[in-house]
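What follows is the content of model.cif (mmCIF, C-alpha atoms).
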```cif
data_data
#
loop_
_atom_site.group_PDB
_atom_site.id
_atom_site.type_symbol
_atom_site.label_atom_id
_atom_site.label_comp_id
_atom_site.auth_asym_id
_atom_site.auth_seq_id
_atom_site.Cartn_x
_atom_site.Cartn_y
_atom_site.Cartn_z
ATOM 1 C CA MET A 9 288.394 95.076 76.868
ATOM 2 C CA THR A 10 290.416 95.378 80.093
ATOM 3 C CA GLU A 11 293.122 97.329 78.289
ATOM 4 C CA PHE A 12 290.524 99.792 77.082
ATOM 5 C CA SER A 13 289.203 100.328 80.605
ATOM 6 C CA LEU A 14 292.775 100.847 81.904
ATOM 7 C CA ILE A 15 293.357 103.559 79.302
ATOM 8 C CA GLN A 16 290.057 105.132 80.268
ATOM 9 C CA TRP A 17 291.057 104.975 83.945
ATOM 10 C CA LEU A 18 294.364 106.684 83.133
ATOM 11 C CA ALA A 19 292.652 109.384 81.076
ATOM 12 C CA GLU A 20 290.359 110.591 83.871
ATOM 13 C CA PRO A 21 292.310 111.735 86.969
ATOM 14 C CA GLY A 22 290.165 111.025 90.001
ATOM 15 C CA LEU A 23 290.689 110.484 93.700
ATOM 16 C CA ASN A 24 292.885 107.385 93.300
ATOM 17 C CA HIS A 25 295.375 109.147 91.015
ATOM 18 C CA PHE A 26 296.087 111.844 93.583
ATOM 19 C CA LEU A 27 296.283 109.251 96.372
ATOM 20 C CA ILE A 28 298.866 107.232 94.404
ATOM 21 C CA VAL A 29 300.976 110.350 93.787
ATOM 22 C CA SER A 30 300.880 111.117 97.521
ATOM 23 C CA ALA A 31 301.801 107.499 98.385
ATOM 24 C CA ILE A 32 304.905 107.636 96.150
ATOM 25 C CA LEU A 33 305.824 111.050 97.602
ATOM 26 C CA PHE A 34 305.478 109.595 101.120
ATOM 27 C CA SER A 35 307.760 106.668 100.294
ATOM 28 C CA LEU A 36 310.399 109.029 98.857
ATOM 29 C CA GLY A 37 310.257 111.109 102.046
ATOM 30 C CA LEU A 38 310.574 107.942 104.149
ATOM 31 C CA MET A 39 313.577 106.951 102.038
ATOM 32 C CA ALA A 40 315.261 110.304 102.757
ATOM 33 C CA VAL A 41 314.559 110.029 106.491
ATOM 34 C CA LEU A 42 315.886 106.460 106.725
ATOM 35 C CA SER A 43 318.947 106.563 104.480
ATOM 36 C CA LYS A 44 320.411 110.048 104.877
ATOM 37 C CA ARG A 45 322.740 110.898 107.747
ATOM 38 C CA ASN A 46 322.723 114.686 107.422
ATOM 39 C CA VAL A 47 320.181 116.296 109.808
ATOM 40 C CA ILE A 48 319.102 118.815 107.143
ATOM 41 C CA MET A 49 318.375 116.009 104.643
ATOM 42 C CA VAL A 50 316.227 114.260 107.276
ATOM 43 C CA LEU A 51 314.307 117.525 107.788
ATOM 44 C CA MET A 52 313.704 117.787 104.017
ATOM 45 C CA GLY A 53 312.343 114.225 104.065
ATOM 46 C CA VAL A 54 309.936 115.182 106.850
ATOM 47 C CA GLU A 55 308.726 118.114 104.722
ATOM 48 C CA LEU A 56 308.014 115.698 101.837
ATOM 49 C CA ILE A 57 306.002 113.425 104.169
ATOM 50 C CA LEU A 58 303.937 116.388 105.439
ATOM 51 C CA ASN A 59 303.262 117.445 101.830
ATOM 52 C CA SER A 60 302.073 113.968 100.856
ATOM 53 C CA ALA A 61 299.637 113.955 103.793
ATOM 54 C CA ASN A 62 298.404 117.378 102.683
ATOM 55 C CA ILE A 63 297.746 116.165 99.115
ATOM 56 C CA ASN A 64 295.589 113.405 100.645
ATOM 57 C CA PHE A 65 293.551 115.894 102.690
ATOM 58 C CA ILE A 66 292.913 118.202 99.724
ATOM 59 C CA ALA A 67 292.039 115.288 97.391
ATOM 60 C CA PHE A 68 289.556 113.910 99.918
ATOM 61 C CA SER A 69 288.034 117.357 100.425
ATOM 62 C CA ARG A 70 287.352 117.585 96.683
ATOM 63 C CA PHE A 71 286.110 114.070 95.944
ATOM 64 C CA THR A 72 284.344 113.030 99.185
ATOM 65 C CA GLU A 73 282.021 114.788 101.628
ATOM 66 C CA LEU A 74 284.932 116.159 103.698
ATOM 67 C CA GLN A 75 284.399 119.482 101.834
ATOM 68 C CA LEU A 76 286.221 122.575 103.116
ATOM 69 C CA ASP A 77 287.209 120.980 106.434
ATOM 70 C CA GLY A 78 290.033 119.235 104.555
ATOM 71 C CA HIS A 79 291.319 122.620 103.373
ATOM 72 C CA MET A 80 291.344 123.846 106.981
ATOM 73 C CA ILE A 81 293.321 120.792 108.150
ATOM 74 C CA GLY A 82 295.800 121.337 105.304
ATOM 75 C CA LEU A 83 296.203 124.973 106.320
ATOM 76 C CA PHE A 84 296.971 123.991 109.920
ATOM 77 C CA VAL A 85 299.454 121.348 108.699
ATOM 78 C CA ILE A 86 301.330 124.046 106.726
ATOM 79 C CA ILE A 87 301.408 126.367 109.777
ATOM 80 C CA ILE A 88 302.703 123.611 112.074
ATOM 81 C CA ALA A 89 305.321 122.619 109.463
ATOM 82 C CA ALA A 90 306.594 126.215 109.487
ATOM 83 C CA ALA A 91 306.860 126.221 113.291
ATOM 84 C CA GLU A 92 308.559 122.817 113.224
ATOM 85 C CA ALA A 93 311.125 123.951 110.639
ATOM 86 C CA ALA A 94 312.028 127.068 112.657
ATOM 87 C CA VAL A 95 312.528 125.184 115.926
ATOM 88 C CA ALA A 96 314.307 122.254 114.255
ATOM 89 C CA LEU A 97 316.801 124.544 112.483
ATOM 90 C CA ALA A 98 317.545 126.313 115.794
ATOM 91 C CA ILE A 99 318.188 122.910 117.401
ATOM 92 C CA VAL A 100 320.422 121.894 114.465
ATOM 93 C CA LEU A 101 322.480 125.081 114.846
ATOM 94 C CA ASN A 102 322.896 124.358 118.577
ATOM 95 C CA ILE A 103 323.971 120.784 117.824
ATOM 96 C CA PHE A 104 326.496 121.982 115.247
ATOM 97 C CA ASN A 105 327.884 124.494 117.731
ATOM 98 C CA ARG A 106 328.357 121.803 120.372
ATOM 99 C CA PHE A 107 329.456 118.718 118.385
ATOM 100 C CA ASN A 108 330.920 120.482 115.318
ATOM 101 C CA THR A 109 329.105 118.016 113.044
ATOM 102 C CA VAL A 110 325.595 117.407 111.645
ATOM 103 C CA ASN A 111 326.083 113.661 111.080
ATOM 104 C CA LEU A 112 323.365 111.844 113.031
ATOM 105 C CA ASP A 113 325.588 108.843 113.818
ATOM 106 C CA ASP A 114 328.213 111.052 115.521
ATOM 107 C CA ILE A 115 325.650 112.796 117.741
ATOM 108 C CA SER A 116 325.224 110.034 120.298
ATOM 109 C CA SER A 117 326.103 111.450 123.708
ATOM 110 C CA LEU A 118 323.422 112.766 126.045
ATOM 111 C CA LYS A 119 325.677 114.588 128.516
ATOM 112 C CA GLY A 120 327.344 116.898 125.993
ATOM 113 C CA MET B 25 292.749 113.959 76.045
ATOM 114 C CA GLU B 26 291.595 116.790 78.226
ATOM 115 C CA LEU B 27 293.871 119.611 79.313
ATOM 116 C CA THR B 28 293.450 118.845 83.026
ATOM 117 C CA THR B 29 294.610 115.259 82.447
ATOM 118 C CA ILE B 30 297.780 116.388 80.672
ATOM 119 C CA LEU B 31 298.434 118.986 83.389
ATOM 120 C CA PHE B 32 297.878 116.416 86.143
ATOM 121 C CA TYR B 33 300.439 114.027 84.644
ATOM 122 C CA LEU B 34 302.886 116.869 83.944
ATOM 123 C CA PHE B 35 302.782 118.193 87.511
ATOM 124 C CA SER B 36 302.832 114.684 89.002
ATOM 125 C CA ILE B 37 306.008 113.904 87.048
ATOM 126 C CA VAL B 38 307.553 117.234 88.117
ATOM 127 C CA THR B 39 306.681 116.592 91.776
ATOM 128 C CA LEU B 40 307.818 112.974 91.944
ATOM 129 C CA GLY B 41 310.864 113.430 89.707
ATOM 130 C CA ALA B 42 312.123 116.392 91.713
ATOM 131 C CA ALA B 43 311.509 114.470 94.948
ATOM 132 C CA ALA B 44 313.487 111.521 93.564
ATOM 133 C CA ILE B 45 316.357 113.843 92.565
ATOM 134 C CA MET B 46 316.214 115.306 96.079
ATOM 135 C CA VAL B 47 316.519 111.889 97.700
ATOM 136 C CA PHE B 48 319.185 110.410 95.409
ATOM 137 C CA SER B 49 321.394 113.469 94.793
ATOM 138 C CA LYS B 50 324.871 113.408 96.306
ATOM 139 C CA ASN B 51 325.056 117.191 96.731
ATOM 140 C CA ILE B 52 322.871 118.715 99.462
ATOM 141 C CA VAL B 53 322.474 122.069 97.674
ATOM 142 C CA HIS B 54 321.137 120.211 94.613
ATOM 143 C CA SER B 55 318.746 118.399 96.973
ATOM 144 C CA ALA B 56 317.433 121.686 98.389
ATOM 145 C CA PHE B 57 316.985 123.049 94.858
ATOM 146 C CA ALA B 58 315.082 119.910 93.779
ATOM 147 C CA LEU B 59 312.895 120.221 96.895
ATOM 148 C CA MET B 60 311.799 123.655 95.641
ATOM 149 C CA PHE B 61 310.528 122.169 92.362
ATOM 150 C CA SER B 62 308.792 119.373 94.262
ATOM 151 C CA LEU B 63 306.971 121.856 96.507
ATOM 152 C CA MET B 64 305.974 123.949 93.471
ATOM 153 C CA GLY B 65 304.577 120.812 91.822
ATOM 154 C CA VAL B 66 302.523 120.099 94.947
ATOM 155 C CA ALA B 67 301.154 123.658 94.785
ATOM 156 C CA ALA B 68 300.156 123.056 91.138
ATOM 157 C CA LEU B 69 298.383 119.844 92.194
ATOM 158 C CA TYR B 70 296.446 121.921 94.759
ATOM 159 C CA VAL B 71 295.348 124.226 91.935
ATOM 160 C CA LEU B 72 294.124 121.175 89.981
ATOM 161 C CA LEU B 73 292.113 120.200 93.100
ATOM 162 C CA TYR B 74 290.435 123.661 93.197
ATOM 163 C CA ALA B 75 292.299 124.706 96.374
ATOM 164 C CA ASP B 76 293.494 128.138 95.225
ATOM 165 C CA PHE B 77 294.115 129.629 98.683
ATOM 166 C CA LEU B 78 296.103 126.594 99.816
ATOM 167 C CA ALA B 79 298.215 126.688 96.657
ATOM 168 C CA ALA B 80 299.104 130.329 97.339
ATOM 169 C CA THR B 81 299.839 129.534 100.987
ATOM 170 C CA GLN B 82 302.015 126.593 99.944
ATOM 171 C CA LEU B 83 304.046 128.800 97.611
ATOM 172 C CA LEU B 84 304.436 131.579 100.200
ATOM 173 C CA VAL B 85 305.168 129.477 103.286
ATOM 174 C CA TYR B 86 307.071 126.506 101.861
ATOM 175 C CA VAL B 87 308.941 127.932 98.869
ATOM 176 C CA GLY B 88 309.353 131.412 100.319
ATOM 177 C CA GLY B 89 309.884 130.536 103.967
ATOM 178 C CA ILE B 90 310.822 126.999 104.939
ATOM 179 C CA LEU B 91 313.130 126.438 101.959
ATOM 180 C CA ILE B 92 315.078 129.639 102.680
ATOM 181 C CA LEU B 93 315.336 128.528 106.322
ATOM 182 C CA ILE B 94 316.689 125.134 105.213
ATOM 183 C CA LEU B 95 319.243 126.808 102.917
ATOM 184 C CA PHE B 96 320.380 129.059 105.786
ATOM 185 C CA GLY B 97 320.768 126.015 108.011
ATOM 186 C CA LEU B 98 322.742 124.317 105.247
ATOM 187 C CA MET B 99 325.126 127.249 104.842
ATOM 188 C CA LEU B 100 325.643 127.628 108.605
ATOM 189 C CA THR B 101 326.325 123.963 109.320
ATOM 190 C CA THR B 102 328.930 123.046 106.699
ATOM 191 C CA GLN B 103 332.482 122.813 107.930
ATOM 192 C CA GLY B 104 335.573 123.575 105.872
ATOM 193 C CA ASN B 105 335.414 123.849 102.110
ATOM 194 C CA THR B 106 331.953 124.832 100.892
ATOM 195 C CA ILE B 107 332.459 123.086 97.533
ATOM 196 C CA SER B 108 331.961 119.684 99.129
ATOM 197 C CA PHE B 109 328.328 119.661 100.276
ATOM 198 C CA LYS B 110 328.336 115.877 100.426
ATOM 199 C CA SER B 111 325.487 113.977 102.011
ATOM 200 C CA ILE B 112 326.313 110.592 103.519
ATOM 201 C CA THR B 113 323.970 107.761 102.581
ATOM 202 C CA VAL B 114 323.769 104.642 104.735
ATOM 203 C CA ASN B 115 321.460 101.605 104.915
ATOM 204 C CA LEU B 116 320.500 102.025 101.261
ATOM 205 C CA LEU B 117 319.114 98.508 100.807
ATOM 206 C CA PRO B 118 316.958 98.253 103.995
ATOM 207 C CA ALA B 119 315.681 101.808 103.510
ATOM 208 C CA SER B 120 314.674 101.207 99.881
ATOM 209 C CA VAL B 121 313.023 97.879 100.754
ATOM 210 C CA LEU B 122 311.069 99.482 103.605
ATOM 211 C CA SER B 123 309.952 102.546 101.629
ATOM 212 C CA GLY B 124 309.054 100.401 98.603
ATOM 213 C CA ALA B 125 306.965 98.158 100.838
ATOM 214 C CA ALA B 126 305.282 101.240 102.327
ATOM 215 C CA ALA B 127 304.471 102.581 98.847
ATOM 216 C CA ILE B 128 303.045 99.235 97.645
ATOM 217 C CA LEU B 129 300.984 98.797 100.825
ATOM 218 C CA LEU B 130 299.601 102.362 100.615
ATOM 219 C CA ILE B 131 298.739 102.070 96.900
ATOM 220 C CA TYR B 132 297.043 98.705 97.500
ATOM 221 C CA ALA B 133 295.050 100.120 100.419
ATOM 222 C CA PHE B 134 294.029 103.212 98.418
ATOM 223 C CA THR B 135 292.933 101.305 95.312
ATOM 224 C CA ALA B 136 291.235 98.420 97.154
ATOM 225 C CA THR B 137 289.016 100.703 99.237
ATOM 226 C CA GLU B 138 285.585 101.689 97.948
ATOM 227 C CA TRP B 139 285.600 105.429 98.638
ATOM 228 C CA ASN B 140 282.300 107.141 99.290
ATOM 229 C CA LEU B 141 282.529 109.548 96.354
ATOM 230 C CA ILE B 142 280.216 112.492 95.779
ATOM 231 C CA GLU B 143 279.469 114.544 92.686
ATOM 232 C CA THR B 144 282.316 117.054 92.346
ATOM 233 C CA VAL B 145 281.514 120.752 92.273
ATOM 234 C CA ASP B 146 283.878 123.326 90.753
ATOM 235 C CA PRO B 147 283.969 126.375 93.052
ATOM 236 C CA SER B 148 285.222 129.594 91.463
ATOM 237 C CA GLU B 149 287.023 130.575 94.701
ATOM 238 C CA THR B 150 287.314 129.149 98.205
ATOM 239 C CA ILE B 151 288.724 132.163 100.052
ATOM 240 C CA HIS B 152 285.355 133.539 101.238
ATOM 241 C CA ASP B 153 284.162 130.194 102.635
ATOM 242 C CA LEU B 154 287.561 129.505 104.220
ATOM 243 C CA GLY B 155 287.514 132.907 105.909
ATOM 244 C CA MET B 156 283.997 132.323 107.263
ATOM 245 C CA LEU B 157 285.067 128.901 108.587
ATOM 246 C CA LEU B 158 288.273 130.300 110.114
ATOM 247 C CA MET B 159 286.413 133.067 111.963
ATOM 248 C CA GLY B 160 283.487 130.835 112.961
ATOM 249 C CA GLU B 161 283.786 127.117 113.494
ATOM 250 C CA TYR B 162 287.594 127.023 113.626
ATOM 251 C CA ILE B 163 288.224 130.098 115.801
ATOM 252 C CA LEU B 164 289.692 128.099 118.732
ATOM 253 C CA PRO B 165 292.271 126.134 116.637
ATOM 254 C CA PHE B 166 293.111 129.414 114.869
ATOM 255 C CA ILE B 167 293.954 131.138 118.173
ATOM 256 C CA ILE B 168 295.846 128.095 119.485
ATOM 257 C CA VAL B 169 297.943 127.857 116.320
ATOM 258 C CA GLY B 170 298.735 131.577 116.606
ATOM 259 C CA VAL B 171 299.986 131.066 120.164
ATOM 260 C CA LEU B 172 301.965 128.014 118.966
ATOM 261 C CA LEU B 173 303.693 130.095 116.281
ATOM 262 C CA LEU B 174 304.534 132.780 118.861
ATOM 263 C CA ILE B 175 306.020 130.159 121.201
ATOM 264 C CA ALA B 176 307.996 128.613 118.313
ATOM 265 C CA ILE B 177 309.446 131.994 117.308
ATOM 266 C CA ILE B 178 310.407 132.855 120.904
ATOM 267 C CA GLY B 179 311.956 129.405 121.373
ATOM 268 C CA ALA B 180 313.944 129.630 118.140
ATOM 269 C CA ILE B 181 315.274 133.092 119.067
ATOM 270 C CA LEU B 182 316.155 131.931 122.588
ATOM 271 C CA MET B 183 318.058 128.881 121.326
ATOM 272 C CA SER B 184 319.892 130.833 118.622
ATOM 273 C CA THR B 185 320.999 133.644 120.949
ATOM 274 C CA ARG B 186 322.318 131.201 123.546
ATOM 275 C CA ILE B 187 324.853 130.034 120.928
ATOM 276 C CA THR B 188 326.617 133.406 120.839
ATOM 277 C CA SER B 189 326.599 133.917 124.636
ATOM 278 C CA THR B 190 328.195 130.502 125.291
ATOM 279 C CA SER B 191 330.724 130.769 122.479
ATOM 280 C CA ILE B 192 332.003 134.120 123.751
ATOM 281 C CA ASP B 193 332.955 132.951 127.257
#
```

Turn this file's structure into structure tokens for me.
Amino acid sequence: MTEFSLIQWLAEPGLNHFLIVSAILFSLGLMAVLSKRNVIMVLMGVELILNSANINFIAFSRFTELQLDGHMIGLFVIIIAAAEAAVALAIVLNIFNRFNTVNLDDISSLKG
Amino acid sequence: MELTTILFYLFSIVTLGAAAIMVFSKNIVHSAFALMFSLMGVAALYVLLYADFLAATQLLVYVGGILILILFGLMLTTQGNTISFKSITVNLLPASVLSGAAAILLIYAFTATEWNLIETVDPSETIHDLGMLLMGEYILPFIIVGVLLLIAIIGAILMSTRITSTSID
């Protein structure tokens, strides 16, 4: 009986399915941020985390009474991610020019 | 099984599998390429959630913009031989324990909560309503985010041009 209900739960994608996908995506992004030592890899992990938050917003706007406000928040998240990527890449290029490396552990001095 | 169910599982596997390849690949260029498939899978999930405008925006901004920016940064910040785009991995055990714990905690919190669900409606398109919202209720955030983008572009240009002026003298 419980097995049957599990199969039924798997066969109908609802809110929880999308939330679980976003949770796994978030943990993969966290893994990239914590374990990688290249600045660009850390930036890619941040993009994954932002995407997982966006999946949550859109799923809630479909299945709960958040409605189109969730779409608006997702739109603003995408815009801010674009601005963040542009500024972060400019900072990374400056760091590479000064330290001649993009390894986070080697970039430890504040005075330059 | 319904078609939407099969598509949901297909795009979920594409998204999560590409993200896993991105995290665990040794070559950074392979990581950037896997990130593209992950972002495309997220856009397909938006389509399954009836967010057509956001899916198009995701494809244009992320796949067409941010990913190209990341690839440019990658090409400009590798020293020496470009064949060896190695990414150094440290703290593998603590990082995997922490992210696994985060995933388990999030999934438990999501499944244990009784969400206040409503009857789902299937809109044919959301662009008209989004445009009305953007020009009405959300006009102030819209203007602020435009100014933010302008400031970000000016800041990025300023920082990038200072590189050449300092490296010359």

Using all atoms listed in the file, which residues sit within 12 Å of Ile175 (chain B) once same-chain residues fewer than 4 positions away are excluded, as an NGL selection string?
(:A and (88 or 91-92 or 94-95)) or (:B and (168-171 or 179-182))

Only C-alpha atoms, please: the residues just picked out, written as a tab-separated table (two decimals), in the coordinates of the input.
```
chain	number	residue	atom	x	y	z
A	88	ILE	CA	302.70	123.61	112.07
A	91	ALA	CA	306.86	126.22	113.29
A	92	GLU	CA	308.56	122.82	113.22
A	94	ALA	CA	312.03	127.07	112.66
A	95	VAL	CA	312.53	125.18	115.93
B	168	ILE	CA	295.85	128.10	119.48
B	169	VAL	CA	297.94	127.86	116.32
B	170	GLY	CA	298.74	131.58	116.61
B	171	VAL	CA	299.99	131.07	120.16
B	179	GLY	CA	311.96	129.40	121.37
B	180	ALA	CA	313.94	129.63	118.14
B	181	ILE	CA	315.27	133.09	119.07
B	182	LEU	CA	316.15	131.93	122.59
```

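Nearest residue to Leu58 (chain A), choosing from B:Ala125, B:Ile45, B:Ile151, B:Leu63 and counting only C-alpha atoms: B:Leu63.
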
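The shell of residues at most 12 Å from Met25 (chain B), with all atoms listed in the file counted and near chain neighbours (fewer than 4 positions) removed, consists of Ile15, Gln16, Leu18, Ala19, Glu20 and Pro21 of chain A; Thr29, Ile30, Leu31, Phe32 and Tyr33 of chain B.
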
Near Thr39 (chain B), counting all atoms listed in the file, which residues have an atom at most 10 Å away, once you skip same-chain residues fewer than 5 positions from it, shown as number ranges by chain?
A: 29-30, 33; B: 33-34, 44, 58-69

Carefully work through the PyMOL selection byres ((chain B) within 7 of (chain A)) for this structure and note down the residues it includes, as a PyMOL selection string.
chain B and resi 25+29+36+40+43-44+47+73+78+90+97-98+101+111-116+119-120+123-124+126-127+130-131+134-135+140-142+144+173+176+179-180+183-184+187

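Taking CA of Ser13 (chain A) as the reference point, CA of Ile128 (chain B) is found at 22.0 Å.
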
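Proximity to Ala80 (chain B) at 10 Å, evaluated using all atoms listed in the file and with sequence-adjacent residues fewer than 3 positions away removed, yields Ala67, Ala68, Tyr70, Val71, Ala75, Asp76, Phe77, Leu83, Leu84, Val85 and Tyr86 of chain B.
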
Straight-line distance linking CA of Leu100 (chain B) with CA of Thr81 (chain B), stated in Å to one decimal:
27.0 Å

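Among the candidates B:Phe35, B:Phe96, B:Phe57, B:Phe48, the one nearest to Leu72 (chain B) when counting all atoms listed in the file is B:Phe35.
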
note - CA of Gly88 (chain B) and CA of Ala56 (chain B) are separated by 12.8 Å

Repair of region 103-114 of chain A at the level of N, CA and C atoms, as a PDB file, in the coordinates of the input:
```
ATOM      1  N   ILE A 103     323.233 122.050 117.902  1.00  0.00           N
ATOM      2  CA  ILE A 103     323.971 120.784 117.824  1.00  0.00           C
ATOM      3  C   ILE A 103     325.290 120.990 117.113  1.00  0.00           C
ATOM      4  N   PHE A 104     325.263 121.746 116.005  1.00  0.00           N
ATOM      5  CA  PHE A 104     326.496 121.982 115.247  1.00  0.00           C
ATOM      6  C   PHE A 104     327.497 122.754 116.083  1.00  0.00           C
ATOM      7  N   ASN A 105     326.990 123.710 116.879  1.00  0.00           N
ATOM      8  CA  ASN A 105     327.884 124.494 117.731  1.00  0.00           C
ATOM      9  C   ASN A 105     328.566 123.632 118.797  1.00  0.00           C
ATOM     10  N   ARG A 106     327.828 122.610 119.272  1.00  0.00           N
ATOM     11  CA  ARG A 106     328.357 121.803 120.372  1.00  0.00           C
ATOM     12  C   ARG A 106     329.215 120.651 119.869  1.00  0.00           C
ATOM     13  N   PHE A 107     328.746 119.923 118.838  1.00  0.00           N
ATOM     14  CA  PHE A 107     329.456 118.718 118.385  1.00  0.00           C
ATOM     15  C   PHE A 107     330.353 118.980 117.182  1.00  0.00           C
ATOM     16  N   ASN A 108     330.168 120.128 116.525  1.00  0.00           N
ATOM     17  CA  ASN A 108     330.920 120.482 115.318  1.00  0.00           C
ATOM     18  C   ASN A 108     330.669 119.506 114.171  1.00  0.00           C
ATOM     19  N   THR A 109     329.493 118.892 114.143  1.00  0.00           N
ATOM     20  CA  THR A 109     329.105 118.016 113.044  1.00  0.00           C
ATOM     21  C   THR A 109     327.577 117.978 112.962  1.00  0.00           C
ATOM     22  N   VAL A 110     327.040 117.614 111.766  1.00  0.00           N
ATOM     23  CA  VAL A 110     325.595 117.407 111.645  1.00  0.00           C
ATOM     24  C   VAL A 110     325.299 115.972 111.238  1.00  0.00           C
ATOM     25  N   ASN A 111     326.304 115.075 111.378  1.00  0.00           N
ATOM     26  CA  ASN A 111     326.083 113.661 111.080  1.00  0.00           C
ATOM     27  C   ASN A 111     325.355 113.015 112.256  1.00  0.00           C
ATOM     28  N   LEU A 112     324.202 112.375 111.958  1.00  0.00           N
ATOM     29  CA  LEU A 112     323.365 111.844 113.031  1.00  0.00           C
ATOM     30  C   LEU A 112     324.052 110.732 113.806  1.00  0.00           C
ATOM     31  N   ASP A 113     324.954 109.953 113.128  1.00  0.00           N
ATOM     32  CA  ASP A 113     325.588 108.843 113.818  1.00  0.00           C
ATOM     33  C   ASP A 113     326.647 109.323 114.811  1.00  0.00           C
ATOM     34  N   ASP A 114     327.194 110.538 114.602  1.00  0.00           N
ATOM     35  CA  ASP A 114     328.213 111.052 115.521  1.00  0.00           C
ATOM     36  C   ASP A 114     327.597 111.737 116.730  1.00  0.00           C
TER      37      ASP A 114
END
```
